[in-house]
Amino acid sequence: MQVIDNEQAFSEEELANYFAEPPKVLSKSTRNALLFLLVIGVIAFLLTLADMHNPLLLLPVILGCVGLSIPLIAERIILARYNALLQPTDEEYNTWVKSRRSSLCQYGMQKLGLQSEDIIGEPLEVWGIIWSHFWEADYYHRYGCPVLVKQGEDGLLHASIYRFTFFYPTQHYIAVFSGDVNALGPQHFELTWTYFYDDIVGVETTAFALTLGDGTYNMQRFELRVSSGQAVGATAYAQEVSIDQTVQSLRALLRDKKYGIRGGERNIADD
(Lines give C-alpha, C1' and ligand atoms only; values in the text may rest on other atoms or scores of the structure.)
Protein backbone atom coordinates (compact mmCIF):
# COMPACT_ATOMS: atom_id res chain seq x y z
CA MET A 1 0.00 0.00 0.00
CA GLN A 2 1.11 3.56 -0.57
CA VAL A 3 1.23 6.56 1.69
CA ILE A 4 1.30 10.12 0.48
CA ASP A 5 4.67 11.15 -0.92
CA ASN A 6 6.08 14.07 1.01
CA GLU A 7 8.38 16.67 -0.45
CA GLN A 8 11.83 15.16 -0.42
CA ALA A 9 14.75 17.20 0.84
CA PHE A 10 17.31 14.93 -0.84
CA SER A 11 17.42 13.45 -4.32
CA GLU A 12 17.14 9.71 -4.90
CA GLU A 13 20.82 9.68 -5.86
CA GLU A 14 21.88 11.38 -2.63
CA LEU A 15 19.90 8.91 -0.51
CA ALA A 16 21.28 5.98 -2.51
CA ASN A 17 24.81 7.33 -1.98
CA TYR A 18 24.17 7.56 1.76
CA PHE A 19 23.45 3.82 1.92
CA ALA A 20 26.01 2.79 -0.70
CA GLU A 21 28.47 0.15 0.43
CA PRO A 22 31.75 1.86 1.40
CA PRO A 23 34.71 0.84 -0.77
CA LYS A 24 36.92 -1.91 0.54
CA VAL A 25 40.19 -0.57 1.86
CA LEU A 26 43.48 -2.09 2.89
CA SER A 27 43.64 -3.58 6.34
CA LYS A 28 45.63 -1.63 8.89
CA SER A 29 48.33 -4.31 9.02
CA THR A 30 48.64 -4.42 5.22
CA ARG A 31 48.84 -0.64 4.98
CA ASN A 32 51.50 -0.47 7.69
CA ALA A 33 53.52 -3.23 6.01
CA LEU A 34 53.43 -1.43 2.65
CA LEU A 35 54.47 1.85 4.26
CA PHE A 36 57.33 0.13 6.09
CA LEU A 37 58.58 -1.52 2.90
CA LEU A 38 58.21 1.76 1.02
CA VAL A 39 60.38 3.53 3.60
CA ILE A 40 62.98 0.78 3.24
CA GLY A 41 62.80 1.18 -0.54
CA VAL A 42 63.33 4.94 -0.34
CA ILE A 43 66.34 4.44 1.93
CA ALA A 44 67.73 1.85 -0.49
CA PHE A 45 67.16 4.27 -3.37
CA LEU A 46 69.07 7.03 -1.59
CA LEU A 47 71.94 4.70 -0.73
CA THR A 48 72.09 3.40 -4.29
CA LEU A 49 71.93 6.92 -5.66
CA ALA A 50 74.91 7.86 -3.49
CA ASP A 51 76.89 4.94 -4.93
CA MET A 52 77.17 5.93 -8.59
CA HIS A 53 79.42 2.93 -9.26
CA ASN A 54 76.25 0.78 -9.56
CA PRO A 55 73.69 2.96 -11.41
CA LEU A 56 71.86 -0.11 -12.77
CA LEU A 57 70.75 -0.98 -9.25
CA LEU A 58 68.49 2.09 -9.28
CA LEU A 59 66.01 0.49 -11.69
CA PRO A 60 64.83 -2.41 -9.49
CA VAL A 61 64.72 -0.12 -6.46
CA ILE A 62 62.59 2.41 -8.35
CA LEU A 63 60.29 -0.30 -9.68
CA GLY A 64 59.93 -1.73 -6.18
CA CYS A 65 58.99 1.65 -4.72
CA VAL A 66 56.48 2.26 -7.50
CA GLY A 67 54.94 -1.17 -6.97
CA LEU A 68 54.56 -0.53 -3.25
CA SER A 69 53.05 2.91 -3.87
CA ILE A 70 50.35 1.79 -6.34
CA PRO A 71 47.94 0.15 -3.81
CA LEU A 72 48.37 3.05 -1.38
CA ILE A 73 47.69 5.67 -4.05
CA ALA A 74 44.77 3.67 -5.48
CA GLU A 75 43.19 3.46 -2.02
CA ARG A 76 43.44 7.23 -1.58
CA ILE A 77 41.83 7.84 -4.99
CA ILE A 78 38.96 5.42 -4.34
CA LEU A 79 38.24 6.93 -0.92
CA ALA A 80 38.41 10.46 -2.31
CA ARG A 81 35.88 9.60 -5.03
CA TYR A 82 33.57 7.94 -2.49
CA ASN A 83 33.77 10.89 -0.09
CA ALA A 84 33.04 13.28 -2.96
CA LEU A 85 29.63 11.69 -3.58
CA LEU A 86 26.72 13.96 -2.72
CA GLN A 87 24.98 12.54 0.33
CA PRO A 88 23.43 13.79 3.57
CA THR A 89 25.29 13.66 6.85
CA ASP A 90 24.00 11.39 9.61
CA GLU A 91 22.39 14.35 11.35
CA GLU A 92 20.77 15.59 8.13
CA TYR A 93 19.39 12.14 7.36
CA ASN A 94 17.90 11.79 10.85
CA THR A 95 16.32 15.22 10.52
CA TRP A 96 14.83 14.22 7.16
CA VAL A 97 13.32 11.03 8.62
CA LYS A 98 11.84 12.83 11.62
CA SER A 99 10.41 15.58 9.41
CA ARG A 100 7.99 12.95 8.01
CA ARG A 101 6.40 12.45 11.42
CA SER A 102 3.84 15.25 11.27
CA SER A 103 2.52 14.49 7.78
CA LEU A 104 2.29 10.76 8.55
CA CYS A 105 0.33 11.50 11.72
CA GLN A 106 -2.13 13.67 9.78
CA TYR A 107 -2.38 11.10 7.00
CA GLY A 108 -3.15 8.39 9.55
CA MET A 109 -6.04 10.47 10.88
CA GLN A 110 -7.39 10.81 7.33
CA LYS A 111 -7.15 7.07 6.73
CA LEU A 112 -9.01 6.37 9.97
CA GLY A 113 -11.62 9.06 9.36
CA LEU A 114 -10.72 10.96 12.51
CA GLN A 115 -11.03 14.65 13.26
CA SER A 116 -8.89 16.49 15.80
CA GLU A 117 -11.85 16.79 18.16
CA ASP A 118 -12.27 12.99 18.16
CA ILE A 119 -8.88 12.46 19.80
CA ILE A 120 -8.37 12.62 23.56
CA GLY A 121 -5.24 14.64 24.26
CA GLU A 122 -2.51 14.09 21.68
CA PRO A 123 -1.73 11.08 19.47
CA LEU A 124 0.96 8.79 20.86
CA GLU A 125 3.70 7.31 18.73
CA VAL A 126 6.39 4.68 18.52
CA TRP A 127 8.89 4.56 15.69
CA GLY A 128 11.79 2.33 14.88
CA ILE A 129 13.97 0.54 12.36
CA ILE A 130 12.78 -2.07 9.87
CA TRP A 131 15.37 -4.87 9.87
CA SER A 132 15.98 -6.98 6.79
CA HIS A 133 15.73 -10.30 8.66
CA PHE A 134 12.61 -9.38 10.64
CA TRP A 135 9.12 -10.22 9.38
CA GLU A 136 8.30 -6.51 8.98
CA ALA A 137 10.62 -6.46 5.96
CA ASP A 138 8.71 -9.17 4.05
CA TYR A 139 6.58 -6.57 2.27
CA TYR A 140 9.68 -4.93 0.81
CA HIS A 141 11.41 -8.19 -0.06
CA ARG A 142 8.43 -9.10 -2.26
CA TYR A 143 9.06 -5.98 -4.34
CA GLY A 144 12.85 -6.33 -4.39
CA CYS A 145 13.25 -3.14 -2.39
CA PRO A 146 16.47 -2.94 -0.35
CA VAL A 147 16.13 -2.93 3.44
CA LEU A 148 19.41 -1.60 4.81
CA VAL A 149 20.84 -0.60 8.17
CA LYS A 150 24.23 1.08 8.52
CA GLN A 151 26.39 2.38 11.31
CA GLY A 152 26.99 6.07 10.72
CA GLU A 153 30.05 8.12 11.44
CA ASP A 154 28.24 9.22 14.61
CA GLY A 155 28.39 5.61 15.85
CA LEU A 156 24.59 5.18 15.70
CA LEU A 157 22.41 2.98 13.52
CA HIS A 158 20.61 4.48 10.52
CA ALA A 159 18.02 2.58 8.47
CA SER A 160 16.68 2.96 4.96
CA ILE A 161 13.17 2.21 6.26
CA TYR A 162 11.57 3.43 9.49
CA ARG A 163 8.10 2.52 10.72
CA PHE A 164 6.02 5.11 12.56
CA THR A 165 3.06 3.77 14.57
CA PHE A 166 0.55 6.32 15.86
CA PHE A 167 -2.09 5.68 18.52
CA TYR A 168 -5.16 7.93 18.46
CA PRO A 169 -7.15 7.59 21.71
CA THR A 170 -10.85 8.37 21.31
CA GLN A 171 -13.74 8.19 23.75
CA HIS A 172 -14.65 4.54 23.07
CA TYR A 173 -11.75 3.01 21.17
CA ILE A 174 -8.13 3.45 20.21
CA ALA A 175 -7.29 3.81 16.52
CA VAL A 176 -3.85 2.84 15.23
CA PHE A 177 -1.99 3.73 12.05
CA SER A 178 1.40 2.36 10.95
CA GLY A 179 3.22 3.93 8.03
CA ASP A 180 6.79 3.69 6.76
CA VAL A 181 9.37 6.18 5.57
CA ASN A 182 11.37 4.49 2.79
CA ALA A 183 14.51 6.27 1.61
CA LEU A 184 15.36 3.88 -1.23
CA GLY A 185 12.14 3.19 -3.09
CA PRO A 186 8.54 4.18 -3.78
CA GLN A 187 7.08 1.31 -1.73
CA HIS A 188 5.54 2.34 1.59
CA PHE A 189 3.78 -0.10 3.88
CA GLU A 190 0.76 1.15 5.79
CA LEU A 191 -1.89 -0.46 7.98
CA THR A 192 -4.76 0.68 10.21
CA TRP A 193 -6.45 -0.93 13.22
CA THR A 194 -9.29 0.04 15.52
CA TYR A 195 -9.65 -1.61 18.93
CA PHE A 196 -12.24 -1.05 21.64
CA TYR A 197 -10.65 -0.58 25.03
CA ASP A 198 -12.24 -3.74 26.45
CA ASP A 199 -10.50 -5.79 23.75
CA ILE A 200 -7.02 -4.63 24.74
CA VAL A 201 -5.41 -7.05 27.17
CA GLY A 202 -2.03 -5.45 27.75
CA VAL A 203 0.94 -3.35 26.76
CA GLU A 204 4.27 -5.17 26.73
CA THR A 205 7.87 -4.05 26.33
CA THR A 206 10.97 -6.14 25.81
CA ALA A 207 14.63 -5.12 25.85
CA PHE A 208 17.18 -7.18 23.96
CA ALA A 209 20.59 -6.95 22.33
CA LEU A 210 21.06 -7.17 18.57
CA THR A 211 24.41 -7.82 16.88
CA LEU A 212 25.16 -6.05 13.61
CA GLY A 213 28.63 -6.54 12.17
CA ASP A 214 31.14 -5.92 14.94
CA GLY A 215 28.70 -4.01 17.14
CA THR A 216 26.00 -4.97 19.63
CA TYR A 217 23.06 -2.59 20.07
CA ASN A 218 20.40 -2.29 22.76
CA MET A 219 16.89 -2.54 21.32
CA GLN A 220 13.37 -2.10 22.68
CA ARG A 221 10.32 -4.00 21.45
CA PHE A 222 6.84 -2.65 22.12
CA GLU A 223 3.56 -4.52 21.62
CA LEU A 224 -0.07 -3.63 22.25
CA ARG A 225 -1.92 -6.96 22.63
CA VAL A 226 -5.63 -7.56 22.09
CA SER A 227 -7.95 -10.41 23.06
CA SER A 228 -7.95 -11.91 19.55
CA GLY A 229 -4.24 -12.63 19.90
CA GLN A 230 -3.17 -9.86 17.54
CA ALA A 231 -0.38 -7.49 18.47
CA VAL A 232 0.54 -4.03 17.25
CA GLY A 233 4.23 -3.44 17.78
CA ALA A 234 7.43 -1.72 16.84
CA THR A 235 11.14 -2.29 17.40
CA ALA A 236 13.07 0.79 18.44
CA TYR A 237 16.80 1.42 18.74
CA ALA A 238 17.24 2.37 22.39
CA GLN A 239 19.84 5.08 21.71
CA GLU A 240 17.57 6.82 19.20
CA VAL A 241 14.18 6.76 20.85
CA SER A 242 12.70 5.65 24.15
CA ILE A 243 9.24 4.11 24.13
CA ASP A 244 8.81 4.28 27.91
CA GLN A 245 6.77 7.49 27.87
CA THR A 246 4.39 6.16 25.22
CA VAL A 247 3.95 2.90 27.15
CA GLN A 248 3.21 4.75 30.39
CA SER A 249 0.64 6.95 28.67
CA LEU A 250 -1.09 3.97 27.04
CA ARG A 251 -1.24 2.08 30.32
CA ALA A 252 -2.68 5.11 32.10
CA LEU A 253 -5.27 5.49 29.34
CA LEU A 254 -6.29 1.83 29.61
CA ARG A 255 -6.62 2.03 33.39
CA ASP A 256 -8.85 5.06 32.96
CA LYS A 257 -11.06 3.54 30.26
CA LYS A 258 -11.30 -0.02 31.56
CA TYR A 259 -11.31 0.47 35.32
CA GLY A 260 -12.35 4.08 35.79
CA ILE A 261 -8.98 5.06 37.30
CA ARG A 262 -8.41 8.66 36.34
CA GLY A 263 -5.09 9.81 34.98
CA GLY A 264 -4.96 8.43 31.47
CA GLU A 265 -6.18 11.62 29.85
CA ARG A 266 -3.93 13.77 31.99
CA ASN A 267 -0.80 11.77 31.11
CA ILE A 268 -1.57 11.84 27.43
CA ALA A 269 -2.11 15.57 27.39
CA ASP A 270 1.24 16.04 29.11
CA ASP A 271 3.17 14.23 26.31
# chains A, B, ... in the order shown; residues from 1 in each chain; ligands from 1

$ closest_atom_pairs --of "stretch 132-229 of chain A" --to "stretch 119-127 of chain A" --cutoff "9 Å" --atoms "only C-alpha atoms" --output "JSON lines"
{"residue": "A:Tyr162", "atom": "CA", "partner": "A:Trp127", "partner_atom": "CA", "distance": 6.9}
{"residue": "A:Arg163", "atom": "CA", "partner": "A:Trp127", "partner_atom": "CA", "distance": 5.4}
{"residue": "A:Phe164", "atom": "CA", "partner": "A:Trp127", "partner_atom": "CA", "distance": 4.3}
{"residue": "A:Thr165", "atom": "CA", "partner": "A:Val126", "partner_atom": "CA", "distance": 5.2}
{"residue": "A:Phe166", "atom": "CA", "partner": "A:Glu125", "partner_atom": "CA", "distance": 4.4}
{"residue": "A:Phe167", "atom": "CA", "partner": "A:Leu124", "partner_atom": "CA", "distance": 4.9}
{"residue": "A:Tyr168", "atom": "CA", "partner": "A:Pro123", "partner_atom": "CA", "distance": 4.8}
{"residue": "A:Pro169", "atom": "CA", "partner": "A:Ile120", "partner_atom": "CA", "distance": 5.5}
{"residue": "A:Thr170", "atom": "CA", "partner": "A:Ile119", "partner_atom": "CA", "distance": 4.8}
{"residue": "A:Gln171", "atom": "CA", "partner": "A:Ile120", "partner_atom": "CA", "distance": 7.0}
{"residue": "A:Phe222", "atom": "CA", "partner": "A:Val126", "partner_atom": "CA", "distance": 8.2}

$ write_last_selection --atoms "all heavy atoms" --output "mmCIF file, in the first residue's frame"
data_model
loop_
_atom_site.group_PDB
_atom_site.id
_atom_site.type_symbol
_atom_site.label_atom_id
_atom_site.label_comp_id
_atom_site.auth_asym_id
_atom_site.auth_seq_id
_atom_site.Cartn_x
_atom_site.Cartn_y
_atom_site.Cartn_z
ATOM 1 N N TYR A 162 12.039 3.271 8.112
ATOM 2 C CA TYR A 162 11.572 3.431 9.487
ATOM 3 C C TYR A 162 10.054 3.281 9.511
ATOM 4 O O TYR A 162 9.365 3.741 8.591
ATOM 5 C CB TYR A 162 11.941 4.804 10.047
ATOM 6 C CG TYR A 162 13.396 4.960 10.416
ATOM 7 C CD1 TYR A 162 14.327 5.399 9.479
ATOM 8 C CD2 TYR A 162 13.840 4.675 11.702
ATOM 9 C CE1 TYR A 162 15.666 5.552 9.822
ATOM 10 C CE2 TYR A 162 15.176 4.831 12.049
ATOM 11 C CZ TYR A 162 16.078 5.264 11.110
ATOM 12 O OH TYR A 162 17.401 5.415 11.451
ATOM 13 N N ARG A 163 9.555 2.658 10.566
ATOM 14 C CA ARG A 163 8.103 2.521 10.721
ATOM 15 C C ARG A 163 7.622 3.398 11.875
ATOM 16 O O ARG A 163 8.097 3.288 12.999
ATOM 17 C CB ARG A 163 7.714 1.065 10.976
ATOM 18 C CG ARG A 163 6.204 0.866 11.216
ATOM 19 C CD ARG A 163 5.792 -0.562 10.927
ATOM 20 N NE ARG A 163 6.078 -0.897 9.535
ATOM 21 C CZ ARG A 163 6.013 -2.132 9.041
ATOM 22 N NH1 ARG A 163 5.674 -3.138 9.821
ATOM 23 N NH2 ARG A 163 6.291 -2.354 7.761
ATOM 24 N N PHE A 164 6.663 4.265 11.565
ATOM 25 C CA PHE A 164 6.019 5.105 12.564
ATOM 26 C C PHE A 164 4.642 4.516 12.871
ATOM 27 O O PHE A 164 3.846 4.288 11.952
ATOM 28 C CB PHE A 164 5.856 6.535 12.050
ATOM 29 C CG PHE A 164 7.137 7.320 11.994
ATOM 30 C CD1 PHE A 164 8.032 7.149 10.952
ATOM 31 C CD2 PHE A 164 7.453 8.226 12.995
ATOM 32 C CE1 PHE A 164 9.216 7.866 10.896
ATOM 33 C CE2 PHE A 164 8.634 8.956 12.952
ATOM 34 C CZ PHE A 164 9.517 8.773 11.901
ATOM 35 N N THR A 165 4.371 4.267 14.140
ATOM 36 C CA THR A 165 3.064 3.772 14.566
ATOM 37 C C THR A 165 2.440 4.807 15.489
ATOM 38 O O THR A 165 3.031 5.174 16.510
ATOM 39 C CB THR A 165 3.185 2.418 15.287
ATOM 40 O OG1 THR A 165 3.765 1.462 14.392
ATOM 41 C CG2 THR A 165 1.818 1.915 15.720
ATOM 42 N N PHE A 166 1.254 5.282 15.104
ATOM 43 C CA PHE A 166 0.550 6.316 15.864
ATOM 44 C C PHE A 166 -0.693 5.719 16.520
ATOM 45 O O PHE A 166 -1.426 4.948 15.896
ATOM 46 C CB PHE A 166 0.137 7.471 14.943
ATOM 47 C CG PHE A 166 1.301 8.181 14.308
ATOM 48 C CD1 PHE A 166 1.759 7.798 13.053
ATOM 49 C CD2 PHE A 166 1.940 9.220 14.958
ATOM 50 C CE1 PHE A 166 2.833 8.436 12.461
ATOM 51 C CE2 PHE A 166 3.019 9.871 14.379
ATOM 52 C CZ PHE A 166 3.470 9.476 13.125
ATOM 53 N N PHE A 167 -0.921 6.108 17.767
ATOM 54 C CA PHE A 167 -2.093 5.678 18.523
ATOM 55 C C PHE A 167 -2.966 6.904 18.774
ATOM 56 O O PHE A 167 -2.509 7.890 19.365
ATOM 57 C CB PHE A 167 -1.672 5.049 19.851
ATOM 58 C CG PHE A 167 -0.761 3.858 19.688
ATOM 59 C CD1 PHE A 167 0.614 4.028 19.607
ATOM 60 C CD2 PHE A 167 -1.275 2.572 19.608
ATOM 61 C CE1 PHE A 167 1.463 2.945 19.447
ATOM 62 C CE2 PHE A 167 -0.437 1.481 19.449
ATOM 63 C CZ PHE A 167 0.932 1.666 19.367
ATOM 64 N N TYR A 168 -4.223 6.814 18.322
ATOM 65 C CA TYR A 168 -5.159 7.929 18.463
ATOM 66 C C TYR A 168 -6.248 7.520 19.465
ATOM 67 O O TYR A 168 -7.186 6.798 19.111
ATOM 68 C CB TYR A 168 -5.798 8.269 17.115
ATOM 69 C CG TYR A 168 -4.817 8.492 15.986
ATOM 70 C CD1 TYR A 168 -4.459 7.439 15.140
ATOM 71 C CD2 TYR A 168 -4.260 9.743 15.747
ATOM 72 C CE1 TYR A 168 -3.567 7.638 14.093
ATOM 73 C CE2 TYR A 168 -3.367 9.951 14.703
ATOM 74 C CZ TYR A 168 -3.025 8.886 13.881
ATOM 75 O OH TYR A 168 -2.142 9.075 12.841
ATOM 76 N N PRO A 169 -6.140 7.957 20.714
ATOM 77 C CA PRO A 169 -7.153 7.590 21.715
ATOM 78 C C PRO A 169 -8.440 8.392 21.500
ATOM 79 O O PRO A 169 -8.405 9.624 21.404
ATOM 80 C CB PRO A 169 -6.495 7.964 23.049
ATOM 81 C CG PRO A 169 -5.079 8.330 22.719
ATOM 82 C CD PRO A 169 -5.056 8.747 21.291
ATOM 83 N N THR A 170 -9.557 7.708 21.397
ATOM 84 C CA THR A 170 -10.854 8.371 21.309
ATOM 85 C C THR A 170 -11.678 7.990 22.540
ATOM 86 O O THR A 170 -11.193 7.284 23.433
ATOM 87 C CB THR A 170 -11.600 7.966 20.027
ATOM 88 O OG1 THR A 170 -12.033 6.605 20.145
ATOM 89 C CG2 THR A 170 -10.708 8.112 18.799
ATOM 90 N N GLN A 171 -12.916 8.423 22.571
ATOM 91 C CA GLN A 171 -13.743 8.186 23.750
ATOM 92 C C GLN A 171 -14.004 6.702 23.989
ATOM 93 O O GLN A 171 -13.973 6.228 25.129
ATOM 94 C CB GLN A 171 -15.084 8.927 23.599
ATOM 95 C CG GLN A 171 -15.991 8.837 24.814
ATOM 96 C CD GLN A 171 -15.393 9.528 26.038
ATOM 97 O OE1 GLN A 171 -14.635 10.489 25.900
ATOM 98 N NE2 GLN A 171 -15.714 9.037 27.227
ATOM 99 N N PHE A 222 8.110 -3.053 21.525
ATOM 100 C CA PHE A 222 6.845 -2.648 22.124
ATOM 101 C C PHE A 222 5.701 -3.386 21.427
ATOM 102 O O PHE A 222 5.697 -3.531 20.200
ATOM 103 C CB PHE A 222 6.658 -1.139 21.960
ATOM 104 C CG PHE A 222 5.234 -0.689 22.076
ATOM 105 C CD1 PHE A 222 4.682 -0.426 23.311
ATOM 106 C CD2 PHE A 222 4.444 -0.545 20.951
ATOM 107 C CE1 PHE A 222 3.362 -0.013 23.421
ATOM 108 C CE2 PHE A 222 3.135 -0.134 21.040
ATOM 109 C CZ PHE A 222 2.589 0.134 22.288
#

$ residues_around --residues "stretch 104-110 of chain A" --least-positions-apart "2" --cutoff "8 Å" --atoms "only C-alpha atoms" --output "list in words"
Val3, Ile4, Arg100, Arg101, Ser102, Leu112, Gly113, Leu114, Gln115, Phe164, Phe166, Val176, Phe177, Ser178, Gly179 and Thr192 of chain A

$ closest_residue --among "A:Leu85, A:Val97, A:Ala80, A:Leu37" --to "A:Leu68" --atoms "only C-alpha atoms"
A:Leu37

$ atom_distance --atom1 "atom CA of A:Ser160" --atom2 "atom CA of A:Asp90"
12.1 Å

$ atom_distance --atom1 "atom CA of A:Ser69" --atom2 "atom CA of A:Pro22"
22.0 Å

$ closest_residue --among "A:Leu156, A:Ile161, A:Leu26, A:Ala207" --to "A:Glu75" --atoms "only C-alpha atoms"
A:Leu26

$ residues_around --residues "A:Thr89" --least-positions-apart "2" --cutoff "10 Å" --atoms "only C-alpha atoms" --output "list in words"
Tyr18, Leu86, Gln87, Glu91, Glu92, Tyr93, Asn94, Thr95, Gly152, Glu153 and Asp154 of chain A
